[in-house]
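Enquirer: Dropping in structure-v4.cif, which is mmCIF, C-alpha atoms:
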data_start
loop_
_atom_site.label_atom_id
_atom_site.label_comp_id
_atom_site.auth_asym_id
_atom_site.auth_seq_id
_atom_site.Cartn_x
_atom_site.Cartn_y
_atom_site.Cartn_z
CA MET K 1 -5.25 -25.88 -29.93
CA ASP K 2 -6.06 -26.36 -26.26
CA LYS K 3 -6.15 -23.24 -24.18
CA PRO K 4 -3.37 -22.87 -21.61
CA LYS K 5 -4.29 -23.86 -18.07
CA LEU K 6 -4.34 -21.50 -15.08
CA ALA K 7 -4.27 -22.60 -11.44
CA THR K 8 -4.62 -20.45 -8.33
CA CYS K 9 -4.35 -21.05 -4.59
CA SER K 10 -4.57 -19.19 -1.31
CA LEU K 11 -1.90 -20.24 1.19
CA ALA K 12 -1.54 -18.10 4.35
CA GLY K 13 -3.64 -15.32 2.84
CA CYS K 14 -7.07 -13.80 3.43
CA PHE K 15 -8.55 -14.50 -0.03
CA GLY K 16 -8.40 -10.76 -0.71
CA CYS K 17 -6.16 -11.39 -3.74
CA HIS K 18 -8.72 -13.86 -5.08
CA MET K 19 -11.40 -11.21 -4.57
CA SER K 20 -9.19 -8.94 -6.62
CA ILE K 21 -9.01 -11.57 -9.39
CA LEU K 22 -12.83 -11.60 -9.45
CA ASP K 23 -12.73 -7.81 -9.49
CA ILE K 24 -11.72 -7.91 -13.16
CA ASP K 25 -15.52 -7.85 -13.64
CA GLU K 26 -16.73 -8.57 -17.17
CA ARG K 27 -13.16 -9.17 -18.32
CA ILE K 28 -13.60 -12.63 -16.79
CA LEU K 29 -15.38 -13.47 -20.07
CA ASP K 30 -12.20 -12.55 -21.97
CA LEU K 31 -10.18 -14.56 -19.45
CA VAL K 32 -12.28 -17.65 -20.19
CA ASP K 33 -11.35 -17.23 -23.86
CA LEU K 34 -7.67 -17.05 -22.92
CA VAL K 35 -7.34 -19.85 -20.34
CA ASP K 36 -8.98 -22.84 -18.72
CA PHE K 37 -8.98 -22.99 -14.94
CA ASP K 38 -7.39 -26.05 -13.39
CA LYS K 39 -6.97 -26.37 -9.58
CA SER K 40 -8.40 -23.21 -8.06
CA PRO K 41 -10.80 -22.03 -5.35
CA ILE K 42 -12.63 -20.15 -8.12
CA ASN K 43 -13.95 -23.37 -9.68
CA ASP K 44 -13.49 -25.37 -6.45
CA LYS K 45 -11.29 -27.91 -8.19
CA LYS K 46 -9.24 -29.57 -5.45
CA ALA K 47 -6.47 -31.35 -7.40
CA PHE K 48 -4.43 -30.80 -10.53
CA THR K 49 -5.62 -32.82 -13.56
CA ASP K 50 -3.32 -31.20 -16.14
CA ARG K 51 -0.02 -29.47 -16.40
CA CYS K 52 -0.61 -25.71 -16.10
CA LEU K 53 1.07 -22.79 -17.80
CA VAL K 54 0.54 -20.35 -14.95
CA GLY K 55 0.01 -20.66 -11.21
CA LEU K 56 -1.10 -17.63 -9.19
CA LEU K 57 -0.09 -17.80 -5.52
CA GLU K 58 -1.78 -15.86 -2.78
CA GLY K 59 -0.33 -15.91 0.75
CA GLY K 60 2.96 -17.08 2.21
CA CYS K 61 3.79 -20.37 3.94
CA SER K 62 2.64 -20.56 7.55
CA THR K 63 2.01 -24.33 7.84
CA GLU K 64 3.45 -27.55 6.47
CA GLU K 65 0.34 -27.89 4.31
CA ASN K 66 1.07 -24.51 2.70
CA VAL K 67 4.52 -25.82 1.77
CA HIS K 68 3.07 -29.02 0.24
CA VAL K 69 0.54 -27.05 -1.83
CA LEU K 70 3.26 -24.60 -2.94
CA GLU K 71 5.55 -27.47 -3.98
CA SER K 72 2.69 -29.10 -5.92
CA PHE K 73 2.18 -25.79 -7.74
CA ARG K 74 5.89 -25.59 -8.57
CA ASN K 75 5.77 -29.16 -9.88
CA SER K 76 2.58 -28.65 -11.90
CA CYS K 77 2.99 -25.11 -13.30
CA ASP K 78 5.50 -23.76 -15.81
CA ILE K 79 5.34 -20.21 -14.42
CA LEU K 80 4.57 -19.19 -10.85
CA ILE K 81 3.49 -15.68 -9.93
CA SER K 82 3.47 -14.46 -6.32
CA VAL K 83 0.38 -12.28 -6.04
CA GLY K 84 0.09 -9.83 -3.16
CA ALA K 85 1.99 -8.75 -0.05
CA CYS K 86 1.66 -12.06 1.87
CA ALA K 87 3.09 -14.21 -0.94
CA ILE K 88 5.93 -11.72 -1.47
CA THR K 89 6.78 -10.61 2.08
CA GLY K 90 4.87 -12.97 4.38
CA GLY K 91 2.59 -9.99 5.05
CA ILE K 92 0.35 -9.68 8.10
CA PRO K 93 0.75 -13.39 9.10
CA ALA K 94 4.53 -12.83 9.19
CA MET K 95 4.04 -10.35 12.04
CA ARG K 96 4.31 -13.43 14.27
CA ASN K 97 7.84 -14.09 13.04
CA ASN K 98 9.61 -12.03 15.67
CA ILE K 99 7.71 -13.78 18.46
CA PRO K 100 8.68 -17.41 19.20
CA LEU K 101 6.00 -19.90 18.06
CA THR K 102 5.49 -21.27 21.60
CA GLU K 103 4.69 -17.72 22.79
CA CYS K 104 2.21 -17.25 19.91
CA LEU K 105 0.46 -20.55 20.68
CA SER K 106 0.24 -19.89 24.41
CA GLU K 107 -1.17 -16.40 23.80
CA ALA K 108 -3.78 -17.83 21.39
CA TYR K 109 -4.76 -20.99 23.29
CA LEU K 110 -3.62 -20.74 26.92
CA ASP K 111 -2.97 -17.30 28.35
CA GLY K 112 -4.79 -14.79 26.13
CA PRO K 113 -7.22 -12.52 28.02
CA THR K 114 -10.35 -14.05 26.43
CA VAL K 115 -9.20 -17.69 26.30
CA TYR K 116 -11.30 -20.38 28.04
CA ASN K 117 -9.27 -23.60 27.93
CA PRO K 118 -9.44 -25.30 31.36
CA GLY K 119 -7.64 -28.43 30.09
CA ARG K 120 -4.82 -26.18 28.77
CA VAL K 121 -4.75 -28.23 25.55
CA LEU K 122 -2.88 -27.01 22.49
CA PRO K 123 -4.40 -28.13 19.16
CA SER K 124 -2.59 -31.30 18.08
CA ASP K 125 -5.10 -33.16 15.88
CA PRO K 126 -3.32 -34.84 12.95
CA GLU K 127 -5.95 -33.26 10.65
CA ILE K 128 -4.67 -29.79 11.57
CA PRO K 129 -1.51 -28.81 9.68
CA LEU K 130 1.45 -28.04 11.92
CA CYS K 131 2.62 -24.43 12.09
CA LEU K 132 6.07 -23.68 10.73
CA ASN K 133 8.49 -21.85 13.02
CA ASN K 134 8.09 -18.74 10.82
CA VAL K 135 5.86 -17.53 8.01
CA TYR K 136 7.90 -17.64 4.79
CA PRO K 137 7.40 -15.69 1.57
CA CYS K 138 6.84 -18.09 -1.35
CA HIS K 139 10.14 -17.24 -3.03
CA GLU K 140 12.05 -18.40 0.06
CA VAL K 141 10.49 -21.88 -0.38
CA VAL K 142 10.38 -22.48 -4.16
CA LYS K 143 11.51 -20.55 -7.23
CA ILE K 144 9.03 -17.84 -8.18
CA ASP K 145 9.10 -16.37 -11.67
CA TYR K 146 7.18 -13.10 -11.31
CA PHE K 147 5.83 -10.84 -8.57
CA LEU K 148 2.69 -8.68 -8.49
CA PRO K 149 2.76 -6.70 -5.23
CA GLY K 150 -0.22 -5.08 -3.52
CA CYS K 151 -2.63 -5.70 -0.67
CA PRO K 152 -4.34 -6.79 -2.76
CA PRO K 153 -2.90 -5.98 -6.19
CA SER K 154 -5.66 -4.21 -8.07
CA ALA K 155 -7.71 -6.14 -10.61
CA ASP K 156 -6.00 -4.05 -13.31
CA THR K 157 -2.56 -5.12 -12.05
CA ILE K 158 -3.50 -8.82 -12.12
CA TRP K 159 -5.25 -8.47 -15.48
CA GLU K 160 -2.40 -6.60 -17.16
CA GLY K 161 0.14 -9.05 -15.74
CA LEU K 162 -1.77 -12.10 -16.86
CA VAL K 163 -2.62 -10.80 -20.32
CA ALA K 164 0.99 -9.73 -20.97
CA LEU K 165 2.15 -13.20 -19.99
CA LEU K 166 -0.49 -15.07 -22.02
CA SER K 167 0.05 -12.96 -25.12
CA GLY K 168 3.86 -13.09 -24.88
CA LYS K 169 4.19 -9.31 -24.56
CA PRO K 170 6.64 -7.57 -22.23
CA LEU K 171 5.09 -6.61 -18.92
CA ASP K 172 5.26 -2.85 -18.52
CA LEU K 173 2.93 -1.95 -15.66
CA PRO K 174 2.27 1.76 -15.20
CA TYR K 175 3.57 3.32 -11.95
CA GLN K 176 0.14 3.44 -10.32
CA LEU K 177 -0.35 -0.33 -10.61
CA VAL K 178 2.69 -1.42 -8.57
CA LYS K 179 2.00 -0.63 -4.90
CA TYR K 180 2.82 -2.43 -1.67
CA ASP K 181 -0.46 -1.60 0.09
CA MET T 1 42.42 31.62 -7.13
CA SER T 2 38.84 30.63 -6.48
CA LYS T 3 36.39 30.40 -9.32
CA ASP T 4 32.83 31.47 -8.71
CA LYS T 5 31.39 28.62 -10.79
CA ILE T 6 32.16 24.94 -11.13
CA THR T 7 31.25 23.03 -14.27
CA PHE T 8 30.96 19.25 -14.40
CA THR T 9 28.80 16.62 -16.10
CA ILE T 10 26.09 14.23 -14.89
CA ASP T 11 25.33 11.47 -17.42
CA GLY T 12 26.88 13.69 -20.10
CA CYS T 13 24.78 16.77 -19.26
CA GLU T 14 26.74 19.83 -18.31
CA VAL T 15 25.86 21.07 -14.81
CA THR T 16 26.95 24.25 -13.07
CA ALA T 17 27.52 24.37 -9.32
CA GLN T 18 28.43 27.06 -6.82
CA PRO T 19 31.67 26.44 -4.91
CA GLY T 20 30.85 24.38 -1.80
CA GLN T 21 27.78 22.75 -3.32
CA THR T 22 27.49 18.97 -3.30
CA VAL T 23 26.78 16.93 -6.41
CA MET T 24 23.23 16.36 -5.13
CA GLN T 25 22.61 20.09 -4.55
CA ALA T 26 23.85 20.91 -8.04
CA ALA T 27 21.73 18.11 -9.55
CA ASP T 28 18.64 19.31 -7.67
CA ALA T 29 19.22 22.85 -8.91
CA ALA T 30 19.55 21.54 -12.47
CA ASN T 31 16.40 19.38 -12.11
CA ILE T 32 18.35 16.18 -12.51
CA ARG T 33 16.88 13.47 -10.37
CA ILE T 34 19.19 11.51 -8.07
CA PRO T 35 17.17 9.05 -5.93
CA GLN T 36 17.57 10.00 -2.26
CA LEU T 37 16.26 8.80 1.06
CA CYS T 38 18.08 9.90 4.24
CA TYR T 39 18.85 13.39 2.91
CA LEU T 40 16.72 16.17 4.40
CA GLU T 41 17.24 19.81 3.61
CA GLY T 42 18.41 21.78 6.63
CA LEU T 43 20.37 18.88 8.15
CA THR T 44 24.02 17.95 7.72
CA PRO T 45 24.14 15.33 4.93
CA HIS T 46 24.78 11.99 6.56
CA GLY T 47 25.17 9.55 3.66
CA SER T 48 23.72 6.76 5.80
CA CYS T 49 21.19 5.23 3.38
CA ARG T 50 23.60 5.38 0.40
CA VAL T 51 20.67 5.44 -2.04
CA CYS T 52 22.05 8.60 -3.68
CA ILE T 53 25.29 6.90 -4.73
CA VAL T 54 26.76 7.96 -8.05
CA LYS T 55 29.98 7.15 -9.83
CA ALA T 56 32.23 10.19 -9.85
CA ASN T 57 35.34 9.88 -12.00
CA GLY T 58 34.85 6.11 -11.82
CA ARG T 59 34.52 5.94 -8.04
CA LEU T 60 31.29 5.26 -6.12
CA ASP T 61 30.28 7.87 -3.55
CA THR T 62 27.17 9.35 -1.99
CA SER T 63 26.19 12.46 -3.92
CA CYS T 64 24.78 14.16 -0.79
CA THR T 65 28.26 14.31 0.78
CA LEU T 66 30.35 14.63 -2.38
CA PRO T 67 31.53 18.19 -3.19
CA ALA T 68 31.15 19.17 -6.83
CA VAL T 69 34.56 19.57 -8.45
CA GLU T 70 35.49 21.25 -11.74
CA GLY T 71 35.52 18.79 -14.65
CA MET T 72 34.13 15.88 -12.63
CA VAL T 73 32.40 13.16 -14.66
CA VAL T 74 29.36 11.80 -12.77
CA GLU T 75 27.35 8.72 -13.75
CA ASN T 76 23.89 8.68 -12.17
CA ASN T 77 21.01 7.09 -14.04
CA THR T 78 22.76 3.96 -15.31
CA GLU T 79 21.64 0.35 -14.97
CA GLU T 80 24.75 -0.48 -12.92
CA ILE T 81 24.14 2.24 -10.35
CA ASN T 82 20.38 1.67 -10.20
CA GLU T 83 21.11 -2.01 -9.48
CA TYR T 84 23.32 -0.96 -6.53
CA ARG T 85 20.48 1.27 -5.34
CA ARG T 86 17.98 -1.59 -5.60
CA ASP T 87 20.32 -3.77 -3.53
CA LEU T 88 20.61 -1.05 -0.89
CA VAL T 89 16.86 -0.50 -0.69
CA ASP T 90 16.26 -4.29 -0.65
CA MET T 91 18.52 -4.55 2.38
CA LEU T 92 16.64 -1.78 4.19
CA PHE T 93 13.39 -3.70 3.63
CA VAL T 94 14.63 -7.13 4.77
CA GLU T 95 16.54 -5.82 7.81
CA GLY T 96 13.40 -4.38 9.41
CA ASN T 97 9.75 -5.41 9.63
CA HIS T 98 8.16 -3.37 6.85
CA ILE T 99 4.60 -4.71 6.69
CA CYS T 100 3.28 -2.00 4.36
CA PRO T 101 -0.41 -3.04 4.48
CA SER T 102 -0.42 -2.54 8.28
CA CYS T 103 1.47 0.77 8.30
CA GLU T 104 -0.23 4.16 8.60
CA LYS T 105 2.61 5.77 6.67
CA SER T 106 2.09 3.56 3.60
CA GLY T 107 1.82 5.74 0.50
CA ASP T 108 3.60 8.64 2.21
CA CYS T 109 6.65 6.51 3.07
CA GLU T 110 9.87 7.67 1.42
CA LEU T 111 11.33 4.14 1.57
CA GLN T 112 8.36 2.95 -0.50
CA GLY T 113 8.83 6.00 -2.72
CA VAL T 114 12.38 5.07 -3.73
CA ALA T 115 11.45 1.38 -4.04
CA TYR T 116 8.60 2.28 -6.43
CA GLU T 117 10.90 4.62 -8.32
CA LEU T 118 13.51 1.88 -8.73
CA GLY T 119 10.86 -0.65 -9.82
CA ILE T 120 11.31 -3.14 -6.97
CA THR T 121 8.56 -5.78 -6.84
CA ALA T 122 10.19 -8.19 -4.36
CA PRO T 123 13.47 -8.11 -2.44
CA LYS T 124 16.13 -10.58 -3.46
CA TYR T 125 17.47 -11.11 0.08
CA PRO T 126 15.86 -13.21 2.83
CA TYR T 127 13.81 -11.37 5.43
CA GLN T 128 15.45 -11.06 8.85
CA PHE T 129 12.27 -10.50 10.92
CA PRO T 130 14.13 -8.88 13.83
CA ARG T 131 12.40 -8.38 17.18
CA ARG T 132 12.06 -4.64 17.73
CA GLU T 133 10.40 -2.36 20.28
CA THR T 134 7.34 -0.16 20.01
CA ASP T 135 6.42 2.67 22.37
CA ALA T 136 2.91 4.14 22.50
CA SER T 137 3.35 5.84 25.90
CA HIS T 138 3.42 9.41 24.56
CA PRO T 139 -0.04 11.01 24.31
CA ASP T 140 0.53 12.35 20.77
CA ILE T 141 3.29 10.28 19.17
CA PHE T 142 3.91 6.60 18.39
CA LEU T 143 7.38 5.13 18.10
CA ASP T 144 7.67 1.87 16.11
CA LEU T 145 11.25 0.69 15.68
CA ASN T 146 10.14 -2.18 13.40
CA ARG T 147 10.25 0.33 10.55
CA CYS T 148 13.39 2.26 11.48
CA ILE T 149 16.03 2.45 8.73
CA LEU T 150 18.63 4.26 10.90
CA CYS T 151 18.68 7.29 8.60
CA ALA T 152 19.57 9.60 11.54
CA ARG T 153 17.13 12.32 10.49
CA CYS T 154 15.38 12.26 13.87
CA VAL T 155 18.68 12.17 15.77
CA GLN T 156 19.90 15.25 13.90
CA THR T 157 16.58 17.12 13.87
CA SER T 158 15.99 16.67 17.58
CA ARG T 159 19.54 17.72 18.42
CA ASP T 160 20.23 20.45 15.86
CA LEU T 161 16.81 21.98 15.18
CA ASP T 162 14.75 21.23 18.31
CA GLY T 163 17.71 21.44 20.69
CA LYS T 164 16.45 18.48 22.72
CA THR T 165 18.42 15.30 21.87
CA VAL T 166 15.44 13.03 22.39
CA PHE T 167 16.82 10.36 20.04
CA GLU T 168 20.26 8.80 19.81
CA PHE T 169 21.85 5.71 18.30
CA VAL T 170 23.18 2.92 20.53
CA GLY T 171 25.11 -0.23 19.58
CA ARG T 172 27.19 -0.88 16.50
CA GLY T 173 26.94 -2.88 13.29
CA PRO T 174 23.89 -5.15 13.16
CA ASP T 175 23.08 -4.21 16.79
CA LYS T 176 22.82 -0.49 16.07
CA LYS T 177 19.42 0.88 16.97
CA LEU T 178 17.54 4.07 17.66
CA ALA T 179 17.09 4.73 21.37
CA ILE T 180 15.81 7.28 23.83
CA ARG T 181 17.15 7.96 27.36
CA PRO T 182 17.96 4.63 29.10
CA GLY T 183 15.07 3.41 31.22
CA ALA T 184 12.74 6.11 29.88
CA ARG T 185 9.62 5.71 27.80
CA LEU T 186 8.81 8.19 25.05
CA ALA T 187 6.32 9.91 27.41
CA ASP T 188 9.17 10.59 29.87
CA THR T 189 11.19 12.57 27.32
CA GLU T 190 10.89 16.26 26.38
CA LEU T 191 9.38 15.27 23.01
CA ASP T 192 6.45 17.49 22.03
CA ILE T 193 4.01 17.22 19.14
CA THR T 194 5.12 20.64 17.84
CA ASP T 195 8.79 19.55 17.54
CA GLN T 196 10.21 19.45 14.03
CA VAL T 197 11.47 15.93 14.69
CA VAL T 198 7.91 14.59 14.43
CA GLY T 199 7.82 15.36 10.70
CA SER T 200 11.38 14.27 10.00
CA CYS T 201 10.89 10.50 9.80
CA PRO T 202 10.87 9.18 6.21
CA VAL T 203 9.19 5.91 7.23
CA GLY T 204 6.54 4.98 9.81
CA THR T 205 8.76 4.94 12.89
CA ILE T 206 7.72 8.32 14.34
CA LEU T 207 3.99 8.83 13.79
CA LYS T 208 1.49 11.41 14.94
CA LYS T 209 -1.45 9.79 16.68
CA ARG T 210 -5.04 10.21 15.46
CA VAL T 211 -4.21 11.49 11.96
CA GLY T 212 -2.96 8.26 10.31
CA PHE T 213 -5.81 7.89 7.84
CA ALA T 214 -6.78 11.55 7.31
CA VAL T 215 -5.65 11.08 3.71
CA PRO T 216 -6.97 7.79 2.26
CA VAL T 217 -4.65 5.18 0.76
CA GLY T 218 -4.62 5.73 -2.99
CA GLU T 219 -4.38 9.53 -2.67
CA ARG T 220 -1.07 9.73 -0.83
CA THR T 221 2.26 11.23 -1.84
CA TYR T 222 3.72 8.29 -3.76
CA ASP T 223 0.49 6.63 -4.92
CA LYS T 224 0.21 8.32 -8.30
CA GLU T 225 3.67 9.48 -9.31
CA PRO T 226 7.26 9.02 -8.15
CA HIS T 227 8.95 11.71 -6.00
CA PRO T 228 6.33 14.45 -6.71
CA GLU T 229 8.28 16.69 -4.30
CA GLN T 230 11.02 16.97 -6.89
CA PRO T 231 10.11 17.57 -10.54
CA VAL T 232 12.20 15.82 -13.14
CA SER T 233 13.33 17.18 -16.45
CA GLU T 234 13.74 14.78 -19.34
#
How does this structure look as structure tokens?
Expert:
Amino acid sequence: MDKPKLATCSLAGCFGCHMSILDIDERILDLVDLVDFDKSPINDKKAFTDRCLVGLLEGGCSTEENVHVLESFRNSCDILISVGACAITGGIPAMRNNIPLTECLSEAYLDGPTVYNPGRVLPSDPEIPLCLNNVYPCHEVVKIDYFLPGCPPSADTIWEGLVALLSGKPLDLPYQLVKYD
Amino acid sequence: MSKDKITFTIDGCEVTAQPGQTVMQAADAANIRIPQLCYLEGLTPHGSCRVCIVKANGRLDTSCTLPAVEGMVVENNTEEINEYRRDLVDMLFVEGNHICPSCEKSGDCELQGVAYELGITAPKYPYQFPRRETDASHPDIFLDLNRCILCARCVQTSRDLDGKTVFEFVGRGPDKKLAIRPGARLADTELDITDQVVGSCPVGTILKKRVGFAVPVGERTYDKEPHPEQPVSE
């Protein structure tokens, strides 16, 4: 029987949650026995080739591209797990949410104390994804099935969560493994 | 005729209370855990966070303000009531800007403490992302209203224990917020680092400067076990 497929992505995140996935150390050998990686920064595979059982999401949605990637994960994965504070709450990027986007852009590109931009040009290249008005947690954009909080969630949290899911056991994380920081 | 002892039950366990005690005080004395957030010993119970709600004789009420009555039947640790508590804590999270990874109080935060205790992994309501003020003008104390849950501990502590009335609420309903004297910054108030109010905040709204990371994340109050300040009997 084919192994189930696992996909991962980093949306508006810092890749810290992916570092935490790698932090499972030698258990990655067990993980390879349990799943095959499909689209993921870990194997650098850019597009889905198969339907996946599980998608791990790092980061919230800050740009239109984040939304497209998130929707492609929802369409290609049976189960989506929000991993980490940014996917669940918007996290640090969401600290811009109580400042209007035009103010954020002018601080970053026009009026910030270290900005040199004599043409006063805001980035508008079609290659650059447009910013959304706010940063959204993943579950406010598509349905999310499970949540693993943390900044990042520890390798043990991700490992226990994934193994429980893949082996069909109930997820009963000990108190120390569910933290928001 | 006044009795000198009151007997009632919490989740079927018989509990004895002194006349005048609240349900929460009697539960604490009997080592029965009722999740609590805005309650602080030494202040007048305020019932503002509503996390300590119980069902007493079939009616929901906050156990910190509810006097124990002879024969009362209290439901506490039931799935129904814990679900109400999760809803209440969820709302406190989404109404403010609680970015735990960026907060010095993380791990010592009592809001986190009850959320961990109730097993919340993600809030079910949409985030509001309100625009709130911060004030770093005081030499020893930060004020960050992004994290304020309007528990009133600082209002009461400053007024009743410090005798200063540095903090007060203004506005009503969704516009209610913590405020200091109009036009003043925190540095312009009588607030002093030795005031009891500095230690009264359950979240990261009132913070001492320069000590935020004296205890590393991972070794803080709520990192290893829930509500270690209050032991629980099985």
Enquirer: For chain K versus chain T, which residues have an atom no more than 9 Å away, and what is each residue's nearest atom pair and distance in Å rounded to one decimal, using all atoms listed in the file, chain-then-number order, as CSV?
Expert:
residue,atom,partner,partner_atom,distance
K:Ala85,CA,T:Pro101,CA,7.7
K:Ile88,CA,T:Ala122,CA,6.2
K:Thr89,CA,T:Ala122,CA,7.7
K:Gly90,CA,T:Ile99,CA,8.6
K:Gly91,CA,T:Ile99,CA,5.9
K:Ile92,CA,T:Ile99,CA,6.7
K:Ala94,CA,T:Phe129,CA,8.3
K:Met95,CA,T:Ile99,CA,7.8
K:Asn97,CA,T:Phe129,CA,6.1
K:Asn98,CA,T:Arg131,CA,4.8
K:Ile99,CA,T:Arg131,CA,7.3
K:Tyr136,CA,T:Tyr127,CA,8.6
K:Pro137,CA,T:Tyr127,CA,8.6
K:His139,CA,T:Lys124,CA,9.0
K:Glu140,CA,T:Pro126,CA,7.0
K:Tyr146,CA,T:Thr121,CA,8.7
K:Phe147,CA,T:Thr121,CA,6.0
K:Leu148,CA,T:Thr121,CA,6.8
K:Pro149,CA,T:Thr121,CA,6.1
K:Gly150,CA,T:Pro101,CA,8.3
K:Cys151,CA,T:Pro101,CA,6.2
K:Tyr175,CA,T:Glu225,CA,6.7
K:Gln176,CA,T:Lys224,CA,5.3
K:Leu177,CA,T:Lys224,CA,9.0
K:Val178,CA,T:Tyr116,CA,7.3
K:Lys179,CA,T:Tyr116,CA,7.4
K:Tyr180,CA,T:Cys100,CA,6.1
K:Asp181,CA,T:Pro101,CA,4.6
Enquirer: Mind checking which residues fall within 9 Å of segment 168-178 of chain T, counting only C-alpha atoms, ignoring those fewer than 3 positions away in the same chain, and posting them as a list in words?
Expert: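 That gives Leu145, Cys148, Leu150, Ala152, Cys154, Val155, Gln156, Thr165 and Arg181 of chain T.
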Enquirer: At a cut-off of 10 Å, using all atoms listed in the file, what residues contact Gln196 of chain T? Leave out same-chain residues fewer than 5 positions from it and give the result as a PDB file with C-alpha atoms, in the frame of the given file.
Expert:
ATOM      1  CA  CYS T 154      15.380  12.260  13.870  1.00  0.00           C
ATOM      2  CA  THR T 157      16.580  17.120  13.870  1.00  0.00           C
ATOM      3  CA  SER T 158      15.990  16.670  17.580  1.00  0.00           C
ATOM      4  CA  LEU T 161      16.810  21.980  15.180  1.00  0.00           C
ATOM      5  CA  ASP T 162      14.750  21.230  18.310  1.00  0.00           C
ATOM      6  CA  LEU T 191       9.380  15.270  23.010  1.00  0.00           C
ATOM      7  CA  CYS T 201      10.890  10.500   9.800  1.00  0.00           C
TER       8      CYS T 201
END
Enquirer: Would you pick out the contacts of segment 120-129 of chain K at 7 Å or less, using all atoms listed in the file, so that residues sharing its chain but fewer than 5 positions from it are not included, and give the list as a PyMOL selection string?
Expert: chain K and resi 63-65+109-110
Enquirer: Residues near Ile180 of chain T, anyone? I mean within 8 Å using only C-alpha atoms, not counting same-chain ones fewer than 5 positions away, as a compact mmCIF listing (two decimals) with C-alpha atoms, in the frame of the given file.
Expert:
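Once written, around01.txt looks like this:
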# COMPACT_ATOMS: atom_id res chain seq x y z
CA VAL T 166 15.44 13.03 22.39
CA PHE T 167 16.82 10.36 20.04
CA GLU T 168 20.26 8.80 19.81
CA ARG T 185 9.62 5.71 27.80
CA LEU T 186 8.81 8.19 25.05
CA THR T 189 11.19 12.57 27.32
Enquirer: Residues within 7 Å of (7.9, 4.8, 8.2), file coordinates, counting only C-alpha atoms: what are they? Give the list as a compact mmCIF listing (two decimals) with C-alpha atoms, in the frame of the given file.
Expert:
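Saved file point20.txt follows:
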# COMPACT_ATOMS: atom_id res chain seq x y z
CA LYS T 105 2.61 5.77 6.67
CA CYS T 109 6.65 6.51 3.07
CA ARG T 147 10.25 0.33 10.55
CA CYS T 148 13.39 2.26 11.48
CA CYS T 201 10.89 10.50 9.80
CA PRO T 202 10.87 9.18 6.21
CA VAL T 203 9.19 5.91 7.23
CA GLY T 204 6.54 4.98 9.81
CA THR T 205 8.76 4.94 12.89
Enquirer: Selected by the PyMOL selection byres ((chain K and resi 46-52) around 9) in the shown coordinates: which residues, as a PyMOL selection string?
Expert: chain K and resi 4-7+37-41+43-45+53-55+72-73+75-79
Enquirer: Run the PyMOL selection byres ((chain T and resi 19-25) around 6) against the file shown and list the residues it catches, as a list of chain:residue names.
Expert: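 Against this file, the PyMOL selection byres ((chain T and resi 19-25) around 6) returns the residues T:Gln18, T:Ala26, T:Ala27, T:Asp28, T:Ser63, T:Cys64, T:Leu66, T:Pro67, T:Ala68.
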Enquirer: Report, in Å to a single decimal, how far apart atom CA of Leu92 of chain T and atom CA of Val73 of chain T are.
Expert: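 We find that atom CA of Val73 of chain T and atom CA of Leu92 of chain T lie 28.8 Å from each other.
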Enquirer: K:Glu71, K:Leu130, K:Asp36, K:Leu173: which is nearest Trp159 of chain K, counting only C-alpha atoms?
Expert: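 Looking only at the distances to Trp159 of chain K, the closest residue turns out to be K:Leu173.
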Enquirer: What box, with edges along x, y and z, holds each listed atom of segment 219-222 of chain T when 5 Å is added on every side, and can you state its centre and edge lengths in Å to one decimal, as lines of an AutoDock Vina configuration file?
Expert:
center_x = -0.3
center_y = 9.8
center_z = -2.3
size_x = 18.1
size_y = 12.9
size_z = 12.9
Enquirer: What is the atom CA of Ala12 of chain K to atom CA of Val135 of chain K distance in Å?
Expert: 8.3 Å
Enquirer: Restricting the calculation to all atoms listed in the file: of T:Val69, T:Asp11, T:Phe213, T:Glu41, which residue gets closest to Lys55 of chain T?
Expert: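 Closest residue, counting all atoms listed in the file: T:Asp11.
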Enquirer: Do you have the atom CA of Asp160 of chain T-atom CA of Gly42 of chain T distance handy?
Expert: 9.5 Å
Enquirer: Using all atoms listed in the file, can you tell me which of K:Val142, K:Glu160, K:Tyr116, K:Leu29 comes closest to Val69 of chain K?
Expert: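 Comparing K:Val142, K:Glu160, K:Tyr116, K:Leu29 against Val69 of chain K, the winner is K:Val142.
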Enquirer: Name the closest residue to Arg153 of chain T among the candidates T:Val211, T:Ile53, T:Ala29, T:Val197; distances are taken between atoms, counting only C-alpha atoms.
Expert: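 Counting only C-alpha atoms, the residue closest to Arg153 of chain T is T:Val197.
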Enquirer: So, with only C-alpha atoms as the atoms that count, which of T:Leu37, T:Ile10, T:Ala187, T:Ile32 lies closest to Val54 of chain T?
Expert: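 Residue with the minimum atom-to-atom distance to Val54 of chain T: T:Ile10.
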